[in-house]
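Engineer: As input, take model-v8.tsv (TSV, C-alpha atoms and all ligand atoms):
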```tsv
chain	number	residue	atom	x	y	z
A	186	MET	CA	-67.49	16.10	-83.90
A	187	ILE	CA	-64.66	15.55	-81.38
A	188	VAL	CA	-65.91	18.48	-79.27
A	189	CYS	CA	-69.36	16.94	-79.43
A	190	PHE	CA	-68.06	13.60	-78.13
A	191	LEU	CA	-66.18	15.32	-75.27
A	192	ASN	CA	-69.29	17.32	-74.31
A	193	THR	CA	-71.32	14.13	-74.12
A	194	ILE	CA	-68.72	12.39	-71.94
A	195	VAL	CA	-68.50	15.39	-69.57
A	196	HIS	CA	-72.30	15.66	-69.43
A	197	PHE	CA	-72.60	11.92	-68.72
A	198	ASN	CA	-70.06	12.13	-65.89
A	199	ARG	CA	-71.91	15.10	-64.35
A	200	GLN	CA	-75.07	13.08	-63.98
A	201	GLN	CA	-73.82	11.57	-60.70
A	202	GLN	CA	-75.40	8.23	-61.35
A	203	THR	CA	-75.15	5.49	-58.80
A	204	GLY	CA	-73.11	2.41	-59.60
A	205	LYS	CA	-76.29	0.37	-60.08
A	206	GLU	CA	-77.80	2.93	-62.49
A	207	GLU	CA	-74.61	3.03	-64.53
A	208	LEU	CA	-74.48	-0.77	-64.67
A	209	MET	CA	-78.13	-1.00	-65.79
A	210	LYS	CA	-77.52	1.65	-68.46
A	211	LEU	CA	-74.50	-0.26	-69.74
A	212	ILE	CA	-76.44	-3.56	-69.80
A	213	HIS	CA	-79.27	-1.82	-71.67
A	214	ILE	CA	-76.91	-0.43	-74.33
A	215	LEU	CA	-75.20	-3.84	-74.71
A	216	ALA	CA	-78.60	-5.54	-75.10
A	217	GLN	CA	-79.59	-3.01	-77.77
A	218	ILE	CA	-76.41	-3.87	-79.70
A	219	VAL	CA	-76.44	-7.67	-79.24
A	220	PHE	CA	-80.18	-8.27	-79.77
A	221	ALA	CA	-80.73	-5.62	-82.48
A	222	VAL	CA	-82.66	-6.83	-85.53
A	223	ASP	CA	-79.67	-6.12	-87.80
A	224	THR	CA	-77.34	-8.17	-85.57
A	225	ILE	CA	-79.64	-11.19	-85.30
A	226	ALA	CA	-80.39	-11.04	-89.05
A	227	ALA	CA	-76.63	-11.04	-89.75
A	228	ILE	CA	-76.13	-14.11	-87.51
A	229	ILE	CA	-78.94	-16.02	-89.28
A	230	ALA	CA	-77.63	-14.99	-92.72
A	231	PHE	CA	-74.08	-16.00	-91.75
A	232	MET	CA	-75.25	-19.49	-90.72
A	233	ALA	CA	-77.39	-19.93	-93.86
A	234	ILE	CA	-74.78	-18.65	-96.35
A	235	THR	CA	-71.87	-20.50	-94.71
A	236	SER	CA	-73.91	-23.73	-94.76
A	237	PHE	CA	-74.93	-23.10	-98.39
A	238	TYR	CA	-71.28	-22.75	-99.41
A	239	GLY	CA	-70.38	-25.87	-97.39
A	240	THR	CA	-67.48	-24.07	-95.79
A	241	ALA	CA	-66.36	-24.20	-92.14
A	242	PRO	CA	-67.31	-21.03	-90.23
A	243	GLN	CA	-64.49	-18.71	-89.23
A	244	TRP	CA	-64.60	-15.96	-86.63
A	245	LYS	CA	-62.93	-13.43	-88.98
A	246	TYR	CA	-65.76	-13.81	-91.52
A	247	PHE	CA	-68.33	-13.67	-88.75
A	248	ALA	CA	-66.79	-10.36	-87.60
A	249	LEU	CA	-67.09	-9.11	-91.19
A	250	ALA	CA	-70.74	-10.23	-91.31
A	251	LEU	CA	-71.45	-8.16	-88.18
A	252	ALA	CA	-69.64	-5.18	-89.75
A	253	PHE	CA	-71.72	-5.55	-92.94
A	254	SER	CA	-74.91	-5.40	-90.84
A	255	ARG	CA	-74.00	-1.82	-89.86
A	256	LEU	CA	-72.36	-0.74	-93.11
A	257	PRO	CA	-75.22	1.53	-94.35
A	258	ASP	CA	-75.16	3.42	-91.05
A	259	LEU	CA	-71.66	4.71	-91.90
A	260	ASP	CA	-73.61	7.45	-93.69
A	261	MET	CA	-73.59	9.02	-90.24
A	262	ILE	CA	-70.00	10.19	-90.90
A	263	PRO	CA	-70.67	12.44	-93.95
A	264	TYR	CA	-73.86	13.60	-92.20
A	265	LEU	CA	-71.96	14.74	-89.10
A	266	LEU	CA	-69.21	16.38	-91.16
A	267	LEU	CA	-71.40	18.18	-93.71
A	268	GLN	CA	-74.78	18.66	-92.00
A	269	LYS	CA	-74.33	22.36	-91.21
A	270	ARG	CA	-72.95	23.37	-94.60
A	271	PHE	CA	-75.62	21.59	-96.66
A	272	GLY	CA	-78.51	21.35	-94.18
A	273	LEU	CA	-78.42	17.55	-94.37
A	274	ARG	CA	-80.60	15.14	-92.43
A	275	SER	CA	-79.38	11.95	-90.77
A	276	HIS	CA	-80.05	8.69	-92.63
A	277	TRP	CA	-80.84	10.74	-95.75
A	278	VAL	CA	-77.32	11.38	-97.04
A	279	ILE	CA	-75.92	8.29	-98.78
A	280	GLY	CA	-75.84	4.66	-97.71
A	281	HIS	CA	-79.58	4.04	-97.41
A	282	HIS	CA	-80.27	3.88	-101.16
A	283	PRO	CA	-80.66	0.18	-102.16
A	284	VAL	CA	-80.73	0.60	-105.95
A	285	ALA	CA	-77.59	2.75	-105.79
A	286	PHE	CA	-75.96	0.05	-103.62
A	287	ILE	CA	-76.91	-2.71	-106.08
A	288	LEU	CA	-75.65	-0.64	-109.03
A	289	THR	CA	-72.36	0.07	-107.23
A	290	VAL	CA	-71.73	-3.59	-106.34
A	291	GLY	CA	-73.06	-4.79	-109.73
A	292	GLY	CA	-70.94	-2.19	-111.55
A	293	TYR	CA	-67.83	-3.29	-109.67
A	294	ILE	CA	-68.50	-6.95	-110.58
A	295	ALA	CA	-69.24	-6.00	-114.23
A	296	VAL	CA	-65.96	-4.09	-114.54
A	297	LYS	CA	-63.68	-6.25	-112.39
A	298	GLY	CA	-65.44	-9.60	-112.79
A	299	PHE	CA	-66.83	-11.59	-109.89
A	300	PRO	CA	-64.06	-11.60	-107.28
A	301	SER	CA	-62.43	-15.02	-107.61
A	302	GLY	CA	-62.68	-17.02	-104.41
A	303	GLN	CA	-64.59	-14.16	-102.84
A	304	SER	CA	-68.14	-15.07	-103.86
A	305	TYR	CA	-68.81	-16.21	-100.28
A	306	LEU	CA	-67.86	-12.78	-98.93
A	307	ALA	CA	-69.72	-10.98	-101.73
A	308	THR	CA	-72.87	-12.98	-100.92
A	309	LEU	CA	-72.53	-12.17	-97.22
A	310	LEU	CA	-72.17	-8.47	-98.07
A	311	ILE	CA	-75.17	-8.30	-100.44
A	312	VAL	CA	-77.58	-10.38	-98.32
A	313	ILE	CA	-76.75	-8.73	-94.99
A	314	VAL	CA	-76.80	-5.16	-96.34
A	315	MET	CA	-80.12	-5.83	-98.10
A	316	ALA	CA	-81.51	-7.22	-94.80
A	317	HIS	CA	-80.51	-3.91	-93.16
A	318	PHE	CA	-82.37	-1.99	-95.90
A	319	VAL	CA	-85.52	-4.10	-95.47
A	320	HIS	CA	-85.40	-3.60	-91.70
A	321	ASP	CA	-85.01	0.18	-92.04
A	322	SER	CA	-87.83	0.26	-94.61
A	323	VAL	CA	-90.30	-1.14	-92.09
A	324	GLN	CA	-90.25	2.29	-90.43
A	325	PRO	CA	-93.20	4.50	-91.50
A	326	GLN	CA	-91.04	7.15	-93.19
A	327	GLY	CA	-89.39	4.54	-95.47
A	328	MET	CA	-86.28	5.02	-97.57
A	329	TYR	CA	-85.29	6.27	-101.02
A	330	TRP	CA	-85.24	2.76	-102.54
A	331	LEU	CA	-85.19	3.85	-106.20
A	332	TRP	CA	-82.67	6.71	-106.05
A	333	PRO	CA	-80.99	7.79	-108.43
A	334	PHE	CA	-83.92	6.96	-110.71
A	335	LYS	CA	-86.66	8.31	-108.49
A	336	TRP	CA	-86.40	10.72	-105.57
A	337	SER	CA	-89.35	9.42	-103.58
A	338	ARG	CA	-89.63	7.24	-100.50
A	339	LEU	CA	-91.00	3.73	-100.15
A	340	THR	CA	-92.02	2.09	-96.89
A	341	LEU	CA	-92.77	-1.55	-96.02
A	342	ALA	CA	-94.55	-0.60	-92.79
A	343	ARG	CA	-97.78	-2.27	-93.93
A	344	GLY	CA	-96.14	-5.30	-95.56
A	345	SER	CA	-95.99	-4.13	-99.17
A	346	PRO	CA	-94.11	-1.23	-100.79
A	347	GLU	CA	-96.01	2.07	-100.70
A	348	HIS	CA	-95.25	5.76	-100.43
A	349	PRO	CA	-95.12	7.01	-96.83
A	350	THR	CA	-97.64	9.59	-95.69
A	351	ALA	CA	-96.60	13.22	-95.32
A	352	GLU	CA	-97.37	12.85	-91.60
A	353	ALA	CA	-94.90	9.95	-91.23
A	354	ILE	CA	-92.13	11.95	-92.93
A	355	ALA	CA	-92.93	15.08	-90.87
A	356	ALA	CA	-92.91	13.00	-87.65
A	357	LYS	CA	-89.46	11.64	-88.50
A	358	LYS	CA	-88.15	15.15	-89.23
A	359	THR	CA	-89.53	16.39	-85.91
A	360	ARG	CA	-87.91	13.47	-84.07
A	361	GLN	CA	-84.58	14.15	-85.78
A	362	ASP	CA	-84.75	17.86	-85.03
A	363	ALA	CA	-85.38	17.03	-81.37
A	364	CYS	CA	-82.37	14.73	-81.44
A	365	GLY	CA	-79.01	16.43	-81.00
A	366	HIS	CA	-76.68	16.73	-83.96
A	367	CYS	CA	-73.69	15.08	-82.36
A	368	ALA	CA	-72.29	11.59	-82.81
A	369	CYS	CA	-73.56	10.18	-79.50
A	370	ASP	CA	-77.12	11.38	-80.15
A	371	GLN	CA	-77.01	9.99	-83.65
A	372	ILE	CA	-75.80	6.58	-82.41
A	373	LYS	CA	-78.50	6.52	-79.70
A	374	ASP	CA	-81.14	7.50	-82.29
A	375	ARG	CA	-80.30	4.37	-84.31
A	376	PHE	CA	-80.77	2.00	-81.37
A	377	GLU	CA	-84.21	0.51	-80.86
A	378	THR	CA	-85.82	-0.62	-77.64
A	379	ILE	CA	-85.58	-4.39	-77.28
A	380	SER	CA	-88.87	-6.16	-76.53
A	381	VAL	CA	-89.03	-9.28	-74.34
A	382	GLY	CA	-89.94	-11.37	-77.39
A	383	GLN	CA	-87.01	-9.96	-79.34
A	384	PHE	CA	-84.70	-10.70	-76.40
A	385	MET	CA	-85.89	-14.32	-76.14
A	386	PHE	CA	-85.62	-14.82	-79.90
A	387	GLY	CA	-82.12	-13.30	-79.90
A	388	VAL	CA	-80.97	-15.55	-77.05
A	389	SER	CA	-82.28	-18.62	-78.93
A	390	VAL	CA	-80.54	-17.62	-82.17
A	391	ILE	CA	-77.24	-16.97	-80.37
A	392	CYS	CA	-77.42	-20.35	-78.57
A	393	ILE	CA	-78.11	-22.14	-81.87
A	394	PHE	CA	-75.30	-20.16	-83.53
A	395	LEU	CA	-72.74	-21.08	-80.84
A	396	ALA	CA	-73.69	-24.79	-80.99
A	397	TRP	CA	-73.62	-24.75	-84.81
A	398	PHE	CA	-70.25	-22.96	-84.85
A	399	HIS	CA	-68.77	-25.42	-82.35
A	400	LEU	CA	-70.00	-28.43	-84.33
A	401	THR	CA	-69.05	-27.23	-87.82
A	402	ALA	CA	-65.85	-25.17	-87.29
A	403	ALA	CA	-62.63	-26.73	-88.59
A	404	PRO	CA	-60.57	-28.23	-85.74
A	405	SER	CA	-57.69	-25.94	-84.80
A	406	THR	CA	-54.24	-27.40	-85.48
A	501	ZN	ZN	-79.78	1.98	-91.27
```
Written as structure tokens, that's how I'd like the structure from this file.

Structural biologist:
Amino acid sequence: MIVCFLNTIVHFNRQQQTGKEELMKLIHILAQIVFAVDTIAAIIAFMAITSFYGTAPQWKYFALALAFSRLPDLDMIPYLLLQKRFGLRSHWVIGHHPVAFILTVGGYIAVKGFPSGQSYLATLLIVIVMAHFVHDSVQPQGMYWLWPFKWSRLTLARGSPEHPTAEAIAAKKTRQDACGHCACDQIKDRFETISVGQFMFGVSVICIFLAWFHLTAAPST
């Protein structure tokens, strides 16, 4: 994986891009991170859940909320480490299995009890991770929602749960095979192009968030 990262950096530096091209590329990547559906959903969920609990927002919990929005994508790590040995496919390893996630969190709470004083954080985790699952499920190839009970995919591409077509799954496999098997390619593959509408909506949400945070945060001592 490290060699892969180094190759990508060397390749990028060889491209002899002008300063303007590099700046535009950087702005584009930043926009894809800041205005991504998962990021904006996490900001909205953070405002709603924090308001529901009647607690003052704190930056450390907001940072955790943003981390939760990307938590399922950590399945990239076992994929990159084990893909050759087991012929794995990205996004299909662990992490994108909602029933397994619910059973893991529910099992922890059943054994350990609901974490005292941590229900706010637990709610942030569950809501934001589930929002990530719903967003990923909108793609035509869907996800293994019912694993470990059922090894079949469900997609929400047409608004209601249904099995994806063989063509949709084959198209995703083809796209993944065309994508390189190194960390940079995998990260790029998980970014989506930001539409103008998405950009405008994201800017509005961030402005509302900043005003809300400023008005409701506890005064610093
Ligand atoms: Zn994902």

Engineer: Taking only C-alpha atoms and all ligand atoms into account, produce a table as a tab-separated table in which each residue of chain A with an atom at most 9 Å from an atom of ligand ZN 501 (chain A) appears once, together with its shortest atom pair and the distance in Å to one decimal, ordered by chain and rising number.

Structural biologist:
```
residue	atom	partner	partner_atom	distance
A:Asp223	CA	A:ZN501	ZN	8.8
A:Ser254	CA	A:ZN501	ZN	8.9
A:Arg255	CA	A:ZN501	ZN	7.1
A:Leu256	CA	A:ZN501	ZN	8.1
A:Pro257	CA	A:ZN501	ZN	5.5
A:Asp258	CA	A:ZN501	ZN	4.8
A:Leu259	CA	A:ZN501	ZN	8.6
A:Asp260	CA	A:ZN501	ZN	8.6
A:His276	CA	A:ZN501	ZN	6.9
A:Gly280	CA	A:ZN501	ZN	8.0
A:His281	CA	A:ZN501	ZN	6.5
A:His317	CA	A:ZN501	ZN	6.2
A:Phe318	CA	A:ZN501	ZN	6.6
A:His320	CA	A:ZN501	ZN	7.9
A:Asp321	CA	A:ZN501	ZN	5.6
A:Ser322	CA	A:ZN501	ZN	8.9
A:Arg375	CA	A:ZN501	ZN	7.4
```

Engineer: So how many Å separate atom CA of A:Ala307 and atom CA of A:Ala248, to one decimal?

Structural biologist: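 Atom-to-atom, atom CA of A:Ala307 and atom CA of A:Ala248 are spaced 14.4 Å apart.
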
Engineer: Residues within 10 Å of A:Ser337, please, as a list in words. Count only C-alpha atoms; anything in the same chain fewer than 2 positions from it doesn't count.

Structural biologist: Gly327, Met328, Tyr329, Trp330, Leu331, Trp332, Pro333, Phe334, Lys335, Leu339, His348 and Pro349 of chain A

Engineer: Could you tell me how far atom CA of A:Val323 lies from atom CA of A:Thr340, in Å and to one decimal?

Structural biologist: 6.0 Å

Engineer: Looking at all atoms listed in the file, which of A:Gly298, A:Ala221, A:Ala241, A:Val381 is the one that sits closest to A:Ala402?

Structural biologist: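 Smallest separation from A:Ala402 among the options: A:Ala241.
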
Engineer: Set the distance at 12 Å and use only C-alpha atoms: which residues neighbour A:Val219 once local chain neighbours fewer than 4 positions away are removed? I'd like the list as a count of residues only.

Structural biologist: 24

Engineer: Using all atoms listed in the file, which residue out of A:Pro346, A:Pro263, A:Gly292, A:Pro242 lies closest to A:Ala396?

Structural biologist: A:Pro242

Engineer: Give the answer as one residue: which of A:Leu267, A:Ile287, A:Ile393, A:Ala316 has the shortest atom-to-atom distance to A:Met232, using only C-alpha atoms?

Structural biologist: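 So, comparing all the options, the nearest one is A:Ile393.
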
Engineer: Counting all atoms listed in the file, which of A:Pro325, A:Ile294, A:Phe237, A:Ser380 gets nearest to A:Glu352?

Structural biologist: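 Looking only at the distances to A:Glu352, the closest residue turns out to be A:Pro325.
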
Engineer: So what do you get for atom CA of A:Thr308 versus atom CA of A:Val290, distance-wise?

Structural biologist: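 Calculated distance between atom CA of A:Thr308 and atom CA of A:Val290 is 10.9 Å.
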
Engineer: Nearest to A:Val319 among A:Ser389, A:Gln303, A:Ser345, A:Thr350, with distances taken over only C-alpha atoms: which residue is it?

Structural biologist: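 Closest to A:Val319, using only C-alpha atoms: A:Ser345.
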
Engineer: Which residue out of A:Leu310, A:Ala356, A:Ala403, A:Ala233 has the minimum interatomic distance to A:Ala252 when only C-alpha atoms are used?

Structural biologist: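 Smallest distance to A:Ala252 is found for A:Leu310.
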